[in-house]
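As provided, work-v4.txt (compact mmCIF, C-alpha atoms and all ligand atoms) reads as follows.
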```
# COMPACT_ATOMS: atom_id res chain seq x y z
CA MET A 225 41.52 15.77 -125.38
CA PRO A 226 44.17 18.33 -126.46
CA ALA A 227 43.08 20.73 -129.17
CA ALA A 228 44.24 19.60 -132.60
CA PRO A 229 46.13 22.17 -134.70
CA VAL A 230 44.04 23.66 -137.49
CA LEU A 231 44.78 21.51 -140.53
CA PRO A 232 44.68 22.65 -144.13
CA PRO A 233 41.95 20.65 -145.93
CA SER A 234 43.27 17.14 -146.59
CA PRO A 235 43.43 16.02 -150.25
CA LEU A 236 41.75 12.85 -148.96
CA GLU A 237 38.55 14.78 -148.13
CA GLY A 238 37.82 14.90 -151.86
CA HIS A 239 37.89 11.09 -151.85
CA TYR A 240 36.30 10.16 -148.50
CA ASP A 241 33.78 13.01 -148.42
CA ALA A 242 33.08 13.08 -152.17
CA PRO A 243 29.24 13.18 -152.02
CA ALA A 244 29.28 16.28 -149.74
CA ARG A 245 32.03 17.88 -151.84
CA ALA A 246 29.82 17.37 -154.89
CA GLY A 247 27.13 19.52 -153.25
CA GLY A 248 25.33 16.86 -151.18
CA GLU A 249 24.40 17.13 -147.50
CA PRO A 250 27.17 16.65 -144.91
CA LEU A 251 27.90 13.00 -144.11
CA VAL A 252 26.30 13.05 -140.64
CA VAL A 253 23.11 14.63 -142.03
CA ARG A 254 22.85 11.99 -144.80
CA LEU A 255 23.44 9.11 -142.41
CA ALA A 256 21.02 10.41 -139.75
CA ALA A 257 18.30 10.85 -142.42
CA ALA A 258 18.90 7.27 -143.63
CA PHE A 259 18.49 5.89 -140.09
CA ARG A 260 15.23 7.86 -139.72
CA ALA A 261 14.00 6.53 -143.07
CA ALA A 262 14.74 2.99 -141.89
CA GLY A 263 12.65 3.60 -138.75
CA HIS A 264 15.50 4.20 -136.26
CA ASP A 265 16.11 7.14 -133.94
CA PRO A 266 19.58 8.42 -135.01
CA GLU A 267 20.33 9.48 -131.44
CA HIS A 268 19.69 5.98 -130.02
CA LEU A 269 21.35 3.24 -132.03
CA SER A 270 22.86 -0.16 -131.27
CA LEU A 271 26.34 -1.25 -132.32
CA ASP A 272 24.72 -3.81 -134.64
CA GLU A 273 22.67 -1.09 -136.33
CA VAL A 274 25.72 1.06 -137.11
CA ALA A 275 27.98 -1.82 -138.24
CA GLY A 276 27.22 -1.14 -141.93
CA ILE A 277 28.85 2.28 -141.76
CA ASP A 278 31.57 2.00 -139.13
CA GLN A 279 33.76 -0.87 -140.38
CA LEU A 280 35.54 0.54 -143.43
CA HIS A 281 37.88 -2.43 -143.88
CA LEU A 282 37.77 -5.95 -145.30
CA GLY A 283 36.24 -8.51 -142.98
CA GLY A 284 34.12 -6.14 -140.87
CA ARG A 285 33.84 -6.73 -137.13
CA ARG A 286 35.12 -10.29 -137.36
CA ALA A 287 38.48 -9.05 -138.72
CA SER A 288 38.71 -6.47 -135.93
CA ARG A 289 37.98 -9.07 -133.26
CA HIS A 290 40.63 -11.33 -134.77
CA LEU A 291 43.24 -8.56 -134.63
CA ALA A 292 42.35 -7.69 -131.03
CA VAL A 293 42.88 -11.33 -130.03
CA LEU A 294 46.10 -11.56 -132.07
CA GLY A 295 47.40 -8.47 -130.23
CA ARG A 296 46.17 -9.75 -126.84
CA LEU A 297 44.29 -6.58 -125.93
CA THR A 298 43.11 -6.61 -122.32
CA PRO A 299 40.58 -4.53 -120.35
CA GLY A 300 41.76 -1.07 -119.33
CA GLU A 301 44.38 -0.79 -122.07
CA ARG A 302 44.59 2.59 -123.79
CA VAL A 303 44.45 2.16 -127.55
CA LEU A 304 45.14 4.76 -130.24
CA ASP A 305 43.00 3.96 -133.32
CA VAL A 306 44.99 5.54 -136.17
CA GLY A 307 42.96 6.48 -139.25
CA CYS A 308 39.85 5.56 -137.25
CA GLY A 309 37.33 6.49 -139.95
CA THR A 310 33.85 6.59 -138.43
CA GLY A 311 35.16 4.96 -135.24
CA GLY A 312 33.85 1.39 -135.43
CA ALA A 313 37.01 -0.30 -134.17
CA SER A 314 37.28 2.13 -131.24
CA ARG A 315 33.73 1.27 -130.17
CA LEU A 316 34.27 -2.48 -130.65
CA LEU A 317 37.46 -2.39 -128.57
CA ALA A 318 35.72 -0.44 -125.80
CA ASP A 319 32.57 -2.59 -125.85
CA GLU A 320 34.02 -6.09 -126.28
CA PHE A 321 37.58 -5.78 -124.95
CA GLY A 322 37.15 -3.14 -122.21
CA CYS A 323 39.71 -0.79 -123.78
CA GLU A 324 39.81 3.01 -123.63
CA ALA A 325 40.10 4.20 -127.23
CA VAL A 326 41.19 7.43 -128.84
CA GLY A 327 40.64 7.67 -132.59
CA VAL A 328 42.55 10.04 -134.83
CA ASP A 329 41.60 10.74 -138.43
CA ILE A 330 42.49 13.38 -141.00
CA THR A 331 38.99 13.41 -142.57
CA ALA A 332 36.87 15.88 -140.57
CA ALA A 333 33.55 14.42 -141.76
CA PHE A 334 34.55 10.98 -140.42
CA VAL A 335 35.54 12.41 -137.02
CA ALA A 336 32.15 14.15 -136.75
CA ALA A 337 30.42 10.86 -137.63
CA ALA A 338 32.57 8.93 -135.12
CA GLU A 339 31.63 11.34 -132.30
CA TRP A 340 27.93 11.16 -133.15
CA LEU A 341 27.90 7.34 -133.46
CA SER A 342 29.65 6.94 -130.10
CA ARG A 343 27.10 9.25 -128.44
CA ALA A 344 24.19 7.48 -130.12
CA THR A 345 25.42 4.01 -129.09
CA GLY A 346 26.27 4.99 -125.49
CA MET A 347 30.03 4.58 -126.04
CA ALA A 348 31.08 8.22 -125.62
CA ASP A 349 32.65 7.70 -122.17
CA HIS A 350 35.16 5.17 -123.50
CA THR A 351 35.91 6.49 -127.00
CA HIS A 352 37.25 9.90 -127.97
CA PHE A 353 38.13 11.27 -131.37
CA LEU A 354 40.23 14.01 -132.86
CA CYS A 355 40.92 15.31 -136.33
CA ALA A 356 44.65 15.28 -136.98
CA ASP A 357 47.33 13.91 -139.30
CA ALA A 358 48.58 10.63 -137.84
CA ALA A 359 52.16 11.76 -138.47
CA TYR A 360 51.84 14.88 -136.28
CA SER A 361 49.26 14.49 -133.52
CA PRO A 362 48.93 16.86 -130.54
CA LEU A 363 48.65 13.90 -128.11
CA PRO A 364 51.05 13.55 -125.16
CA GLY A 365 53.89 11.02 -125.35
CA ARG A 366 53.75 7.56 -123.73
CA ALA A 367 49.96 7.82 -123.44
CA PHE A 368 49.00 4.52 -125.12
CA ASP A 369 49.50 0.80 -124.51
CA ALA A 370 48.72 -0.05 -128.12
CA VAL A 371 48.44 1.56 -131.53
CA TRP A 372 45.72 0.09 -133.75
CA CYS A 373 45.73 0.72 -137.50
CA GLN A 374 43.28 -0.92 -139.92
CA HIS A 375 43.40 -0.17 -143.65
CA ALA A 376 44.85 3.33 -143.17
CA LEU A 377 48.65 3.18 -143.54
CA MET A 378 48.22 2.67 -147.31
CA ASN A 379 46.72 6.20 -147.43
CA MET A 380 49.72 7.78 -145.69
CA PRO A 381 52.64 9.16 -147.72
CA GLU A 382 54.85 9.76 -144.66
CA VAL A 383 55.13 6.28 -143.18
CA ALA A 384 58.49 6.93 -141.45
CA ALA A 385 57.04 9.99 -139.67
CA VAL A 386 53.92 8.01 -138.68
CA LEU A 387 56.03 5.19 -137.19
CA ALA A 388 58.19 7.73 -135.30
CA GLU A 389 54.96 9.21 -133.92
CA TRP A 390 53.84 5.75 -132.76
CA ARG A 391 57.16 5.33 -130.92
CA ARG A 392 56.58 8.66 -129.19
CA LEU A 393 52.98 7.89 -128.23
CA LEU A 394 53.49 4.31 -126.95
CA VAL A 395 54.60 3.31 -123.46
CA PRO A 396 57.83 1.24 -123.36
CA GLY A 397 56.90 -2.26 -124.53
CA GLY A 398 53.71 -0.99 -126.20
CA ARG A 399 52.31 -2.81 -129.23
CA VAL A 400 51.36 -1.92 -132.77
CA LEU A 401 48.39 -3.89 -134.18
CA LEU A 402 48.10 -3.68 -137.93
CA HIS A 403 45.44 -4.94 -140.36
CA GLU A 404 46.72 -3.45 -143.58
CA VAL A 405 46.60 -3.51 -147.33
CA VAL A 406 50.03 -4.00 -148.93
CA ALA A 407 51.25 -4.38 -152.51
CA GLY A 408 51.08 -7.93 -153.89
CA ASP A 409 53.57 -9.62 -156.21
CA ASN A 410 51.74 -8.55 -159.38
CA PRO A 411 53.26 -5.21 -160.50
CA GLU A 412 50.31 -4.25 -162.75
CA PRO A 413 48.68 -0.95 -161.84
CA LEU A 414 45.72 -1.18 -159.47
CA ALA A 415 42.20 -1.22 -160.87
CA LEU A 416 40.83 2.10 -159.57
CA PRO A 417 38.86 3.48 -157.81
CA VAL A 418 39.26 1.38 -154.66
CA PRO A 419 37.76 2.31 -151.28
CA TRP A 420 40.93 4.14 -150.17
CA ALA A 421 41.86 5.93 -153.41
CA SER A 422 40.44 7.21 -156.68
CA THR A 423 43.83 8.02 -158.22
CA PRO A 424 47.30 6.42 -158.03
CA ALA A 425 48.59 9.52 -156.17
CA ALA A 426 46.36 8.80 -153.14
CA SER A 427 47.48 5.17 -152.75
CA HIS A 428 50.74 4.57 -150.89
CA LEU A 429 50.92 0.79 -150.90
CA GLN A 430 54.20 -0.73 -149.79
CA THR A 431 55.28 -4.33 -150.07
CA ARG A 432 55.09 -6.61 -147.06
CA GLU A 433 58.91 -6.66 -146.96
CA ALA A 434 59.17 -2.85 -147.05
CA LEU A 435 56.61 -2.53 -144.25
CA GLU A 436 58.41 -5.10 -142.12
CA THR A 437 61.76 -3.35 -142.71
CA ARG A 438 60.34 0.06 -141.81
CA LEU A 439 58.79 -1.28 -138.61
CA ALA A 440 62.08 -2.94 -137.64
CA GLU A 441 64.02 0.28 -138.37
CA ALA A 442 61.57 2.19 -136.18
CA GLY A 443 62.30 -0.20 -133.29
CA PHE A 444 59.29 -2.55 -133.48
CA VAL A 445 59.86 -6.29 -133.03
CA ILE A 446 57.46 -8.68 -134.71
CA GLU A 447 55.29 -10.86 -132.43
CA ALA A 448 52.72 -12.28 -134.88
CA LEU A 449 52.04 -11.88 -138.59
CA GLU A 450 49.38 -13.49 -140.78
CA ASP A 451 48.52 -13.18 -144.45
CA ALA A 452 44.74 -12.64 -144.41
CA THR A 453 44.32 -12.27 -148.19
CA GLU A 454 42.22 -15.39 -148.80
CA THR A 455 39.73 -14.61 -146.04
CA ALA A 456 39.53 -10.99 -147.20
CA LEU A 457 38.93 -12.03 -150.81
CA ALA A 458 36.13 -14.45 -149.82
CA TRP A 459 34.52 -11.68 -147.73
CA ARG A 460 34.82 -9.15 -150.57
CA GLN A 461 33.41 -11.62 -153.14
CA LYS A 462 30.38 -12.24 -150.92
CA HIS A 463 29.78 -8.51 -150.43
CA SER A 464 30.23 -7.69 -154.13
CA ARG A 465 27.56 -10.30 -154.93
CA ARG A 466 25.23 -8.72 -152.37
CA GLU A 467 25.90 -5.21 -153.69
CA ALA A 468 25.00 -6.37 -157.20
CA THR A 469 21.52 -7.57 -156.21
CA ALA A 470 18.49 -5.29 -155.83
CA ALA A 471 17.61 -3.99 -152.35
CA ALA A 472 15.94 -6.60 -150.16
CA PRO A 473 12.16 -6.31 -149.81
CA GLY A 474 10.74 -4.99 -146.54
CA GLY A 475 11.39 -1.25 -146.57
CA PRO A 476 14.55 0.87 -146.48
CA ALA A 477 17.64 -0.96 -145.25
CA LEU A 478 20.03 0.33 -142.60
CA PRO A 479 22.69 2.66 -144.02
CA GLY A 480 25.72 0.98 -145.60
CA PRO A 481 29.05 2.16 -147.04
CA GLY A 482 27.35 3.30 -150.27
CA LEU A 483 25.97 6.25 -148.31
CA ILE A 484 29.51 7.25 -147.33
CA PHE A 485 31.29 6.67 -150.63
CA GLY A 486 28.41 7.45 -152.98
CA GLU A 487 27.39 5.60 -156.10
CA ARG A 488 31.00 4.59 -156.91
CA PHE A 489 31.04 2.21 -153.96
CA ALA A 490 29.98 -0.94 -155.84
CA GLU A 491 32.71 -0.29 -158.43
CA MET A 492 35.28 0.27 -155.66
CA GLY A 493 34.29 -3.03 -154.11
CA ARG A 494 34.55 -4.93 -157.40
CA ASN A 495 37.96 -3.37 -158.13
CA LEU A 496 39.21 -4.31 -154.67
CA ARG A 497 37.97 -7.88 -155.21
CA ASP A 498 39.78 -8.04 -158.57
CA ASN A 499 42.98 -6.50 -157.18
CA LEU A 500 42.99 -9.12 -154.40
CA ALA A 501 42.29 -11.98 -156.80
CA ALA A 502 45.08 -10.85 -159.18
CA ASP A 503 47.63 -10.44 -156.33
CA ARG A 504 47.96 -6.72 -156.98
CA VAL A 505 47.23 -6.24 -153.25
CA ARG A 506 47.47 -8.46 -150.19
CA ILE A 507 46.12 -8.16 -146.65
CA LEU A 508 48.25 -8.53 -143.53
CA ALA A 509 47.32 -8.77 -139.87
CA GLY A 510 50.03 -8.58 -137.25
CA CYS A 511 51.37 -7.40 -133.93
CA TRP A 512 54.72 -5.72 -133.22
CA ARG A 513 56.21 -4.69 -129.86
CA LEU A 514 58.28 -1.61 -129.14
CA ALA A 515 61.73 -2.90 -128.21
C1 LIG B 601 39.85 2.95 -145.46
S1 LIG B 601 39.61 4.07 -144.17
C2 LIG B 601 39.66 2.97 -142.78
C3 LIG B 601 38.98 3.54 -141.56
C4 LIG B 601 38.99 2.67 -140.31
N1 LIG B 601 40.33 2.33 -139.90
C5 LIG B 601 38.19 1.43 -140.52
O1 LIG B 601 38.79 0.38 -140.74
O2 LIG B 601 36.96 1.50 -140.47
C6 LIG B 601 41.19 4.91 -144.04
C7 LIG B 601 41.14 6.06 -143.07
O3 LIG B 601 42.45 6.60 -142.86
C8 LIG B 601 42.32 8.00 -142.71
N2 LIG B 601 43.63 8.63 -142.97
C9 LIG B 601 44.32 8.61 -144.12
N3 LIG B 601 45.48 9.30 -144.00
C10 LIG B 601 45.53 9.76 -142.73
C11 LIG B 601 46.48 10.51 -142.00
N4 LIG B 601 47.62 10.94 -142.55
N5 LIG B 601 46.21 10.79 -140.70
C12 LIG B 601 45.05 10.35 -140.13
N6 LIG B 601 44.11 9.64 -140.78
C13 LIG B 601 44.34 9.33 -142.07
C14 LIG B 601 41.27 8.37 -143.73
O4 LIG B 601 40.71 9.63 -143.51
C15 LIG B 601 40.27 7.22 -143.54
O5 LIG B 601 39.34 7.51 -142.54
```
Could you write out this file's structure as structure tokens?
Amino acid sequence: MPAAPVLPPSPLEGHYDAPARAGGEPLVVRLAAAFRAAGHDPEHLSLDEVAGIDQLHLGGRRASRHLAVLGRLTPGERVLDVGCGTGGASRLLADEFGCEAVGVDITAAFVAAAEWLSRATGMADHTHFLCADAAYSPLPGRAFDAVWCQHALMNMPEVAAVLAEWRRLLVPGGRVLLHEVVAGDNPEPLALPVPWASTPAASHLQTREALETRLAEAGFVIEALEDATETALAWRQKHSRREATAAAPGGPALPGPGLIFGERFAEMGRNLRDNLAADRVRILAGCWRLA
């Protein structure tokens, strides 16, 4: 893995690593302690056991599997997981689809967690991670068969530069697989905070039409596109109901996203549910091919 340039601290760290920034333990330390408290060895975990903290998008692993099938990923393909978070999609693609995955994320605490979780689940040979801005990675050109991006583009102010980078990194005919949050038809301001932003300045939602136009201008031809809003809303409603109930009896539960985002997580989830229901945001899943 080429060395990533030293990045200035990302303004997103204050959002995604808020509990540590507020004086708490580093993310990996908090998560490892929670696994121990739940009776699990944090150095030996299963993919099921880490699913509560490594799928930071609507729909969890089911949505990732759906996108992989939509984009026809096949064993041996090299996939770049852009805005990989704690690396769940990279591990799923390696484990279930036989892909070789490289995850890139601007939040250093997430990259550290992704590396640890891949080691702990025995996936370190097929998943690699680096901390970099998706618009300017140190990776060699034409190194990937597919770019994978789930719920991350809406955090990125420089979409044109990111798409140019994807062109550079993909082999000719390579694919872009997107599972993204876009602006809905309702122009009201978002209810905030949401899982990707606490302030309007951190949210870079574009309309479906603007995203499609930008992809076309960057040389990507659409192969499949679905509106996944209804499924995402049903999933979010179910999870918001669960988050509102007291912890289940039977001892400490496995760590969930609340340990990553802190006590604001339930509010973020409710706001996302309400933004989906009011058509302030929509969810797309699609595949584009480099012409
Ligand atoms: C909502 S999380 C989704 C994480 C992961 N894709 C998933 O679905 O579990 C968005 C991620 O995008 C990352 N991100 C935002 N802007 C980025 C950028 N310019 N370059 C790389 N990663 C970025 C954030 O750090 C965060 O991990």
Among listed residues A:His350, A:Arg260, A:His375, A:His290, nearest ligand LIG 601 (chain B) (using all atoms listed in the file):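 Of the candidates, the smallest distance to ligand LIG 601 (chain B) is held by A:His375.
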Nearby polymer residues, ligand LIG 601 (chain B), at most 8 Å, all atoms listed in the file, as an NGL selection string: :A and (236-237 or 240 or 278-282 or 305-313 or 328-332 or 334 or 355-359 or 373-382 or 386 or 419-420)
Pick from A:Ala385, A:Ala370, A:Ala275, A:Ala246 nearest to Leu297 (chain A), counting all atoms listed in the file: A:Ala370
All residues 9 Å or closer to region 248-259 of chain A, all atoms listed in the file, same chain fewer than 4 positions away omitted, as a PyMOL selection string: chain A and resi 241-244+263-267+269+273+277+333-334+336-337+340+476-479+483-484
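Using only C-alpha atoms, the nearest neighbour of His268 (chain A) within the list A:Met492, A:Val445, A:Ala344, A:Leu401 is A:Ala344.
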Length of the CA of Ala292 (chain A) to CA of Phe321 (chain A) vector [Å]: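 Atom-to-atom, CA of Ala292 (chain A) to CA of Phe321 (chain A), that is 8.0 Å.
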Contacts of Glu433 (chain A) within 12 Å, only C-alpha atoms, excl. fewer than 4 positions in-chain, as a PyMOL selection string: chain A and resi 406-409+429+437-440+508
As AutoDock Vina command-line options: centre and edge lengths in Å, one decimal, of the axis-aligned box holding region 323-340 of chain A with 8 Å per side:
```
--center_x 35.2 --center_y 7.5 --center_z -133.1 --size_x 30.6 --size_y 32.7 --size_z 34.9
```
Length of the CA of Gly397 (chain A) to CA of Pro299 (chain A) vector [Å]: 17.0 Å
Atom pair CA of Arg466 (chain A) / CA of Asp319 (chain A): separation (Å):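 Atom-to-atom, CA of Arg466 (chain A) to CA of Asp319 (chain A), that is 28.2 Å.
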Among the residues A:Leu271, A:Leu304, A:Leu496, A:Ala501, the one that comes closest to Ala367 (chain A) [using only C-alpha atoms]: A:Leu304
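Near Leu393 (chain A), within a cut-off of 10 Å and counting all atoms listed in the file, sit the residues Leu304, Ser361, Leu363, Pro364, Gly365, Arg366, Ala367, Phe368, Asp369, Ala370, Val371, Leu387, Ala388, Glu389, Trp390, Arg391, Val395, Pro396 and Gly398 of chain A, with same-chain residues fewer than 2 positions away left out.
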Residue with smallest distance to Glu454 (chain A) - pool A:Arg315, A:Leu394, A:Leu414, A:Gly283, counting only C-alpha atoms: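 Result for the nearest residue to Glu454 (chain A): A:Gly283.
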Neighbour residues at most 10 Å from (34.5, -2.5, -156.7) (all atoms listed in the file) as a list of chain:residue names: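 Here is the list of nearby residues: A:Ala415, A:Leu416, A:Pro417, A:Val418, A:Pro419, A:Arg460, A:Gln461, A:His463, A:Ser464, A:Glu467, A:Arg488, A:Phe489, A:Ala490, A:Glu491, A:Met492, A:Gly493, A:Arg494, A:Asn495, A:Leu496, A:Arg497, A:Asp498, A:Asn499.
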Output for the residues just chosen: C-alpha atoms as a JSON list (two decimals), keeping the file's coordinate frame:
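Result written to result-v3.json:
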```json
[["chain", "number", "residue", "atom", "x", "y", "z"],
["A", 415, "ALA", "CA", 42.20, -1.22, -160.87],
["A", 416, "LEU", "CA", 40.83, 2.10, -159.57],
["A", 417, "PRO", "CA", 38.86, 3.48, -157.81],
["A", 418, "VAL", "CA", 39.26, 1.38, -154.66],
["A", 419, "PRO", "CA", 37.76, 2.31, -151.28],
["A", 460, "ARG", "CA", 34.82, -9.15, -150.57],
["A", 461, "GLN", "CA", 33.41, -11.62, -153.14],
["A", 463, "HIS", "CA", 29.78, -8.51, -150.43],
["A", 464, "SER", "CA", 30.23, -7.69, -154.13],
["A", 467, "GLU", "CA", 25.90, -5.21, -153.69],
["A", 488, "ARG", "CA", 31.00, 4.59, -156.91],
["A", 489, "PHE", "CA", 31.04, 2.21, -153.96],
["A", 490, "ALA", "CA", 29.98, -0.94, -155.84],
["A", 491, "GLU", "CA", 32.71, -0.29, -158.43],
["A", 492, "MET", "CA", 35.28, 0.27, -155.66],
["A", 493, "GLY", "CA", 34.29, -3.03, -154.11],
["A", 494, "ARG", "CA", 34.55, -4.93, -157.40],
["A", 495, "ASN", "CA", 37.96, -3.37, -158.13],
["A", 496, "LEU", "CA", 39.21, -4.31, -154.67],
["A", 497, "ARG", "CA", 37.97, -7.88, -155.21],
["A", 498, "ASP", "CA", 39.78, -8.04, -158.57],
["A", 499, "ASN", "CA", 42.98, -6.50, -157.18]]
```
Write a file for region 277-298 of chain A, containing N, CA and C atoms (output as a compact mmCIF listing (two decimals), in the first residue's frame).
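Saved result, out_11.txt, follows:
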```
# COMPACT_ATOMS: atom_id res chain seq x y z
N ILE A 277 -21.24 -2.40 13.97
CA ILE A 277 -20.38 -1.20 13.92
C ILE A 277 -19.65 -1.04 12.60
N ASP A 278 -19.93 -1.91 11.61
CA ASP A 278 -19.16 -1.74 10.37
C ASP A 278 -20.04 -1.55 9.13
N GLN A 279 -21.31 -1.23 9.36
CA GLN A 279 -22.21 -0.97 8.22
C GLN A 279 -22.87 0.38 8.48
N LEU A 280 -22.17 1.46 8.13
CA LEU A 280 -22.66 2.80 8.50
C LEU A 280 -23.50 3.39 7.37
N HIS A 281 -24.47 2.59 6.92
CA HIS A 281 -25.36 3.04 5.84
C HIS A 281 -26.72 2.38 6.04
N LEU A 282 -27.73 2.94 5.40
CA LEU A 282 -29.09 2.41 5.50
C LEU A 282 -29.15 1.02 4.87
N GLY A 283 -29.79 0.10 5.58
CA GLY A 283 -30.01 -1.23 4.99
C GLY A 283 -28.99 -2.27 5.40
N GLY A 284 -27.89 -1.84 6.04
CA GLY A 284 -26.90 -2.80 6.55
C GLY A 284 -26.35 -3.71 5.47
N ARG A 285 -26.04 -4.96 5.87
CA ARG A 285 -25.37 -5.88 4.94
C ARG A 285 -26.27 -6.27 3.77
N ARG A 286 -27.58 -6.28 4.00
CA ARG A 286 -28.48 -6.63 2.90
C ARG A 286 -28.35 -5.63 1.74
N ALA A 287 -28.26 -4.33 2.09
CA ALA A 287 -28.13 -3.30 1.04
C ALA A 287 -26.80 -3.45 0.32
N SER A 288 -25.75 -3.82 1.03
CA SER A 288 -24.44 -4.00 0.38
C SER A 288 -24.47 -5.19 -0.57
N ARG A 289 -25.09 -6.28 -0.10
CA ARG A 289 -25.19 -7.47 -0.98
C ARG A 289 -25.97 -7.12 -2.25
N HIS A 290 -27.04 -6.35 -2.08
CA HIS A 290 -27.87 -5.99 -3.22
C HIS A 290 -27.05 -5.19 -4.24
N LEU A 291 -26.24 -4.25 -3.74
CA LEU A 291 -25.43 -3.44 -4.64
C LEU A 291 -24.38 -4.29 -5.36
N ALA A 292 -23.79 -5.24 -4.63
CA ALA A 292 -22.77 -6.10 -5.25
C ALA A 292 -23.37 -6.93 -6.38
N VAL A 293 -24.61 -7.37 -6.18
CA VAL A 293 -25.27 -8.16 -7.22
C VAL A 293 -25.65 -7.26 -8.40
N LEU A 294 -26.17 -6.05 -8.05
CA LEU A 294 -26.53 -5.08 -9.10
C LEU A 294 -25.31 -4.75 -9.97
N GLY A 295 -24.15 -4.64 -9.35
CA GLY A 295 -22.92 -4.30 -10.09
C GLY A 295 -22.16 -5.50 -10.59
N ARG A 296 -22.75 -6.70 -10.42
CA ARG A 296 -22.18 -7.95 -10.94
C ARG A 296 -20.71 -8.13 -10.55
N LEU A 297 -20.42 -7.96 -9.27
CA LEU A 297 -19.04 -8.18 -8.82
C LEU A 297 -18.73 -9.67 -8.89
N THR A 298 -17.52 -10.00 -9.31
CA THR A 298 -17.13 -11.41 -9.44
C THR A 298 -15.82 -11.66 -8.69
```
